[in-house]
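Please read the structure below before turning to the comments.
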Protein chains: 4
Amino acid sequence: MARPSNTDERREQITRALQKVMAKNGYDGASIADVASAAGLATGLVHYHFKNKLEILLAVVKRIAEAHDSNLAHVLEKAEGDPVRELAAFIDFHLALESADPETLACWITVSGEALRESRVRRAFEGAMAGTVESLASIVRRGVEGRVFRCDDDKSAACALVSAIQGYFVLSATVPSLIPRGSAARAVRQMATGLLSPTRPLPAPGRRS
Amino acid sequence: MARPSNTDERREQITRALQKVMAKNGYDGASIADVASAAGLATGLVHYHFKNKLEILLAVVKRIAEAHDSNLAHVLEKAEGDPVRELAAFIDFHLALESADPETLACWITVSGEALRESRVRRAFEGAMAGTVESLASIVRRGVEGRVFRCDDDKSAACALVSAIQGYFVLSATVPSLIPRGSAARAVRQMATGLLSPTRPLPAPGRRS
Amino acid sequence: MARPSNTDERREQITRALQKVMAKNGYDGASIADVASAAGLATGLVHYHFKNKLEILLAVVKRIAEAHDSNLAHVLEKAEGDPVRELAAFIDFHLALESADPETLACWITVSGEALRESRVRRAFEGAMAGTVESLASIVRRGVEGRVFRCDDDKSAACALVSAIQGYFVLSATVPSLIPRGSAARAVRQMATGLLSPTRPLPAPGRRS
Amino acid sequence: MARPSNTDERREQITRALQKVMAKNGYDGASIADVASAAGLATGLVHYHFKNKLEILLAVVKRIAEAHDSNLAHVLEKAEGDPVRELAAFIDFHLALESADPETLACWITVSGEALRESRVRRAFEGAMAGTVESLASIVRRGVEGRVFRCDDDKSAACALVSAIQGYFVLSATVPSLIPRGSAARAVRQMATGLLSPTRPLPAPGRRS
DNA sequence: GATGAATGAGGCTTCATTCAT
DNA sequence: TATGAATGAAGCCTCATTCAT
């Protein structure tokens, strides 16, 4: 008797549309009209499915974070619990910049900018970053336990590598020509070496040492 | 009878004002009215001294970059040409986050966001980043020449360390609680070790090894 | 197979809901969505039972007027046809403000505002007021016939007392603190005294003494 | 050197415009665009001179109240301190409805409606009503002191007459045909008679006189 | 140089009403 | 009857920029 609810689809559509528009125009530059039109919907419908623009942004952050976490988990699985290979996979997963989705990248930089001033965005951003840092810290910790890494502060080490990754995101999204082609993952692997003094070299991507 | 031109003062006032307002509200969120009021000037005057809002932003970028470069140069001078001490000084200069000016930090993150979509901002941002990378690359190069570092790609190494620094900027401005207190400089020094295999340890700040 | 029509119930539900919402938010401030939700119905259903928002408002006016008239009639019955007691009952019925339903009161003020500009609301409002005035005029008339009142214009007298009552409605709904507690009915009874068996006239303006 | 400020004129223009538009369309029905166009100004200018729509409404209330108070004071002056004449003048001033400005009248009813739900409007409305009541109460008090009135509660009496006046406002603005032509002032004068030198009281409800 | 009023486009949001199911 | 998604027109407000003085 009633129309079946398609709210979830619509919300997904709208979220995707904001992500796309925001990557090009920024958050403030992404008007609801733009978003609606990118989603192929009427303007009013956007506010039927989202209370306001900020909620869409939060949905975008959630969306990106969830996709990231799930992809990362998938990649880590292949390392079969070996911290050395996990670390390498972690780095390569994040810094295969050539094959990265530039839209998501730009969006993420934009999100970090909004996190500066909107507490709810900050919270969401923080959650995502904390999760990523913790995920890496756990790899480090297991490596230390297994005597393949040496490190007295896994949190700091994880945070440093995540910072390097985030910094590469910024550079590759804004001034990619500054990054020698293909150098990112390799350099971060070397930096990880400095932090963790691994007993055997970190494997390069694709290679299964 | 002509009044002495005070254009430079005014431009400086306005630039400083945008920097302040932008740190809190972002670039789009910084209205000319806000800027004028923060500068203690009338609205109309802003557009007398700047063609439009973008020009003020470019002036802000220039201002921050120049202050950065000059401060960095000053800090490096104290290392008396010793690449090892210069590298340590470079890292400490950027990552003494506790004493950093949060306004400038937030502003810089914001600028990187604008660089994503405004070509002139991107160019200015790129210039600043390129200068910083090159400055570090030159330290590395001289270290390699003097056999205190080992590294076959100074550009990549410099870029990696600058990325790490930029990443720490983002994290410290948005989710500072994620960074173990005081860990940033130390961790980056260790990462530099991995990149450059220095013959003697990088000195901690203040210590003259 | 036909479902028994519940249109009347639904219309009543919706009408009650508008009355409630309107008391708090005014007519323009009462969105159909608010009304539907207050009625526990789906939005679309409102327009199934009412052509448009105005029709609901008219139903509200009708509802309030009918309840008023029926309650008033009931109260007057107790006076057993004695105009003096009827008059007192009429006044007390309207001005027992302490026990009045504030929702209906606010709603009535709001209706009077809409009557200013919507002819159909005005007509409905006018009908209600005319009925009330006539009901009071009839009491006065019978009092005059029975020599318990003196008054040569029952319409004017009734209108004056109804005005006083309406004025008290406005004040008690907006600035109740201005009305000395419990004074309304008493004062109007005294005013009725003046109208219906006056002692000496106040001089008209311009006349001295 | 600078343009002379004309803010006061503009604010007055805008306030007058809202009063005019609001009399016809109500407060919610008076769009800023309507107001601007009625004032012969650009839309944006309205918000340059007023923070928001509510502030304009408050200015309207203030405007009406001040004009009222000043006109009333002027009228009362002519009564040369004689309470009896002052009372008559007070009543006639308010109830010369034939010569009243219908725009202001409608506006005042509308204001009372907004006072129901907006605390700042309520405060302003209350201030105006309290002033008027007090002004009348003071007349009554002096009349009692001078033995020309009998009344043990000047506040209640003043409030009753002001209610009657407010009620006449409502009726004359919405259903003028209900008021016998020219009866308002006369009837209120008679009601004042009842309040201020009553002969015998109406029986309270429940009592069977 | 300086002031601050003026302009008008455009942004976010709300809403009455319609419609497919 | 009932649902709730969909539409698109306004409405309020902000703002970069211009301009008269």
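Following the order of the structure tokens, chains are lettered A, B, ..., residues in each are numbered from 1, and ligands are numbered from 1.
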
### Task
as a PyMOL selection string, list the residues of chain A assigned to helix (DSSP H, G or I) by DSSP on the backbone atoms of this structure.
chain A and resi 7-25+32-39+43-49+53-77+83-95+97-99+102-115+119-145+154-174+176-178+183-196

#### Entry: Interface, chain E side, toward chain D (7 Å; only C-alpha atoms (C1' of nucleotides)) as a count of residues only
5

### Message
If the cut-off is 8 Å, can you tell me the residues of chain F near chain D, counting only C-alpha atoms (C1' of nucleotides)? I'd like them as a ChimeraX atom specification.
### Response
/F:11-13,20-21

### Task
For stretch 112-127 of chain A, work out the shell of residues within 9 Å, counting only C-alpha atoms (C1' of nucleotides) and skipping chain neighbours fewer than 5 positions away, then give it as a list in words.
Tyr27, Leu54, Leu57, Leu58, Val61, Lys62, Ala65, Cys107 and Thr132 of chain A; Ala23, Lys24, Asn25, Gly26, Ala106, Ile109, Thr110, Ser112, Gly113, Val170, Leu171, Ala173, Thr174, Val175 and Leu178 of chain B

Could you dump the residues just selected with N, CA and C atoms as a CSV table (one decimal), in the first residue's frame?
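part.csv, written as the output of this step:
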chain,number,residue,atom,x,y,z
A,27,TYR,N,34.1,22.2,0.1
A,27,TYR,CA,32.9,22.0,0.8
A,27,TYR,C,32.0,23.3,0.6
A,54,LEU,N,25.8,19.9,6.5
A,54,LEU,CA,26.8,19.2,7.3
A,54,LEU,C,26.6,17.7,7.5
A,57,LEU,N,28.1,16.0,4.7
A,57,LEU,CA,29.5,15.9,4.8
A,57,LEU,C,29.9,14.8,5.7
A,58,LEU,N,29.2,14.7,6.8
A,58,LEU,CA,29.5,13.7,7.8
A,58,LEU,C,29.3,12.3,7.2
A,61,VAL,N,32.3,11.6,5.1
A,61,VAL,CA,33.5,11.2,5.9
A,61,VAL,C,33.3,9.7,6.3
A,62,LYS,N,32.1,9.4,6.7
A,62,LYS,CA,31.9,8.0,7.2
A,62,LYS,C,32.1,7.0,6.0
A,65,ALA,N,35.8,6.7,5.2
A,65,ALA,CA,36.5,6.0,6.3
A,65,ALA,C,36.1,4.5,6.2
A,107,CYS,N,39.0,15.0,-1.7
A,107,CYS,CA,37.9,15.1,-0.7
A,107,CYS,C,38.5,14.9,0.7
A,132,THR,N,43.1,4.3,12.0
A,132,THR,CA,44.2,3.9,11.2
A,132,THR,C,45.5,3.9,12.0
B,23,ALA,N,42.1,31.5,9.8
B,23,ALA,CA,42.5,30.4,10.7
B,23,ALA,C,41.3,29.9,11.5
B,24,LYS,N,40.3,30.8,11.8
B,24,LYS,CA,39.2,30.4,12.5
B,24,LYS,C,38.0,29.9,11.6
B,25,ASN,N,37.8,30.6,10.5
B,25,ASN,CA,36.6,30.4,9.7
B,25,ASN,C,36.9,29.8,8.4
B,26,GLY,N,38.1,29.6,8.0
B,26,GLY,CA,38.4,29.1,6.7
B,26,GLY,C,38.3,30.3,5.7
B,106,ALA,N,46.9,26.5,11.2
B,106,ALA,CA,45.5,26.3,10.7
B,106,ALA,C,45.4,27.0,9.3
B,109,ILE,N,47.0,24.8,6.6
B,109,ILE,CA,46.2,23.7,6.2
B,109,ILE,C,45.1,24.2,5.3
B,110,THR,N,44.6,25.4,5.7
B,110,THR,CA,43.5,26.0,4.8
B,110,THR,C,44.0,26.3,3.5
B,112,SER,N,46.4,24.9,1.9
B,112,SER,CA,46.6,23.7,1.1
B,112,SER,C,45.3,23.2,0.5
B,113,GLY,N,44.2,23.4,1.3
B,113,GLY,CA,42.9,23.1,0.7
B,113,GLY,C,42.5,24.0,-0.5
B,170,VAL,N,49.0,18.7,9.7
B,170,VAL,CA,47.6,18.4,9.6
B,170,VAL,C,47.1,17.8,10.9
B,171,LEU,N,47.8,16.8,11.4
B,171,LEU,CA,47.3,16.1,12.6
B,171,LEU,C,47.3,17.0,13.8
B,173,ALA,N,47.0,20.1,13.9
B,173,ALA,CA,46.0,21.2,13.8
B,173,ALA,C,44.6,20.6,14.0
B,174,THR,N,44.4,19.4,13.6
B,174,THR,CA,43.0,18.9,13.7
B,174,THR,C,42.8,17.9,14.8
B,175,VAL,N,43.7,17.0,15.0
B,175,VAL,CA,43.5,16.0,16.0
B,175,VAL,C,44.8,15.8,16.9
B,178,LEU,N,46.0,12.9,19.1
B,178,LEU,CA,46.5,11.6,18.5
B,178,LEU,C,48.0,11.5,18.5

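By only C-alpha atoms (C1' of nucleotides), and with residues fewer than 5 positions from B:Arg150 along its chain excluded, the set lying at most 9 Å from it is Val140, Gly143, Val144, Glu145, Leu195, Leu196, Ser197, Pro198 and Thr199 of chain B.
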
Keeping only N, CA, C and O atoms, write the selected residues as a tab-separated table (two decimals), in the first residue's frame.
chain	number	residue	atom	x	y	z
B	140	VAL	N	70.80	17.49	2.37
B	140	VAL	CA	71.08	16.07	2.15
B	140	VAL	C	72.26	15.91	1.18
B	140	VAL	O	73.19	15.15	1.42
B	143	GLY	N	75.40	16.58	2.72
B	143	GLY	CA	75.72	15.50	3.66
B	143	GLY	C	76.27	14.28	2.92
B	143	GLY	O	77.20	13.60	3.38
B	144	VAL	N	75.66	14.00	1.78
B	144	VAL	CA	76.13	12.85	1.00
B	144	VAL	C	77.55	13.10	0.49
B	144	VAL	O	78.43	12.25	0.59
B	145	GLU	N	77.72	14.33	0.00
B	145	GLU	CA	79.07	14.68	-0.49
B	145	GLU	C	80.10	14.56	0.62
B	145	GLU	O	81.22	14.12	0.41
B	195	LEU	N	66.23	7.04	6.23
B	195	LEU	CA	66.40	7.50	4.85
B	195	LEU	C	67.85	7.77	4.50
B	195	LEU	O	68.27	7.58	3.37
B	196	LEU	N	68.63	8.22	5.50
B	196	LEU	CA	69.93	8.78	5.17
B	196	LEU	C	71.10	8.04	5.78
B	196	LEU	O	72.26	8.40	5.56
B	197	SER	N	70.80	6.98	6.57
B	197	SER	CA	71.86	6.23	7.24
B	197	SER	C	73.01	7.12	7.68
B	197	SER	O	74.16	6.93	7.25
B	198	PRO	N	72.75	8.10	8.51
B	198	PRO	CA	73.82	9.03	8.87
B	198	PRO	C	74.90	8.33	9.68
B	198	PRO	O	74.62	7.36	10.38
B	199	THR	N	76.10	8.79	9.55
B	199	THR	CA	77.20	8.14	10.24
B	199	THR	C	77.18	8.44	11.74
B	199	THR	O	77.62	7.65	12.55

### Task
Have a look at atom C1' of E:DC19 and atom CA of A:Gly40 and let me know their distance in Å, one decimal.
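Going from atom C1' of E:DC19 over to atom CA of A:Gly40, I get 18.7 Å.
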
Give me the residues within 12 Å of D:Ser163 as a short mmCIF file (atom, residue, chain, number, x, y, z; two decimals) with C-alpha atoms, in the first residue's frame, counting only C-alpha atoms (C1' of nucleotides) and dropping any in the same chain fewer than 4 places off.
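Done, and the output landed in around39.cif:
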data_model
loop_
_atom_site.label_atom_id
_atom_site.label_comp_id
_atom_site.auth_asym_id
_atom_site.auth_seq_id
_atom_site.Cartn_x
_atom_site.Cartn_y
_atom_site.Cartn_z
CA LEU C 95 -13.33 35.18 31.81
CA ALA C 160 -18.88 46.38 24.12
CA LEU C 161 -18.84 43.51 26.56
CA VAL C 162 -17.71 41.08 23.89
CA SER C 163 -14.93 43.51 23.00
CA ALA C 164 -13.85 43.65 26.60
CA ILE C 165 -13.81 39.88 26.72
CA GLN C 166 -11.85 39.61 23.48
CA GLY C 167 -9.42 42.22 24.80
CA TYR C 168 -8.92 40.21 27.96
CA PHE C 169 -8.23 37.19 25.79
CA VAL C 170 -5.46 39.05 24.03
CA LEU C 171 -3.93 40.35 27.23
CA SER C 172 -4.17 37.10 29.10
CA ALA C 173 -2.60 35.21 26.23
CA VAL C 175 0.92 39.63 28.78
CA PRO C 176 -0.92 37.86 31.58
CA LEU C 178 -0.58 42.78 33.41
CA ILE C 179 -3.94 41.52 34.61
CA SER C 183 -9.81 40.77 38.31
CA ALA C 184 -11.12 40.17 34.81
CA ALA C 185 -14.57 38.79 35.44
CA ALA C 187 -14.19 44.19 36.34
CA VAL C 188 -16.32 43.20 33.38
CA MET C 191 -18.52 47.47 33.40
CA ILE D 91 -11.23 56.69 25.68
CA HIS D 94 -8.34 55.27 21.35
CA MET D 129 0.55 47.81 27.10
CA ALA D 130 1.93 48.31 30.58
CA THR D 132 -0.83 52.50 28.55
CA VAL D 133 -2.42 50.76 31.50
CA LEU D 136 -4.81 55.18 32.68
CA LYS D 155 -4.87 48.78 38.21
CA SER D 156 -7.75 46.40 37.60
CA ALA D 157 -9.98 49.18 36.38
CA ALA D 158 -7.35 50.48 34.00
CA CYS D 159 -6.65 47.01 32.77
CA GLY D 167 -10.98 44.19 22.01
CA TYR D 168 -12.55 46.95 19.99
CA PHE D 169 -9.35 47.15 17.99
CA VAL D 170 -9.65 43.50 17.11
CA VAL D 188 -16.65 52.33 26.91
CA MET D 191 -18.44 50.95 31.14
CA ALA D 192 -15.99 53.30 32.83
#

### Task
Take atom CA of D:Arg11 and atom CA of D:Arg63 and report the distance between them in Å, one decimal.
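Separation of atom CA of D:Arg11 and atom CA of D:Arg63: 11.0 Å.
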
### Task
Quote the spacing between atom CA of A:Asp8 and atom C1' of F:DA6 in Å to one decimal place.
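For atom CA of A:Asp8 relative to atom C1' of F:DA6, the distance reads 15.3 Å.
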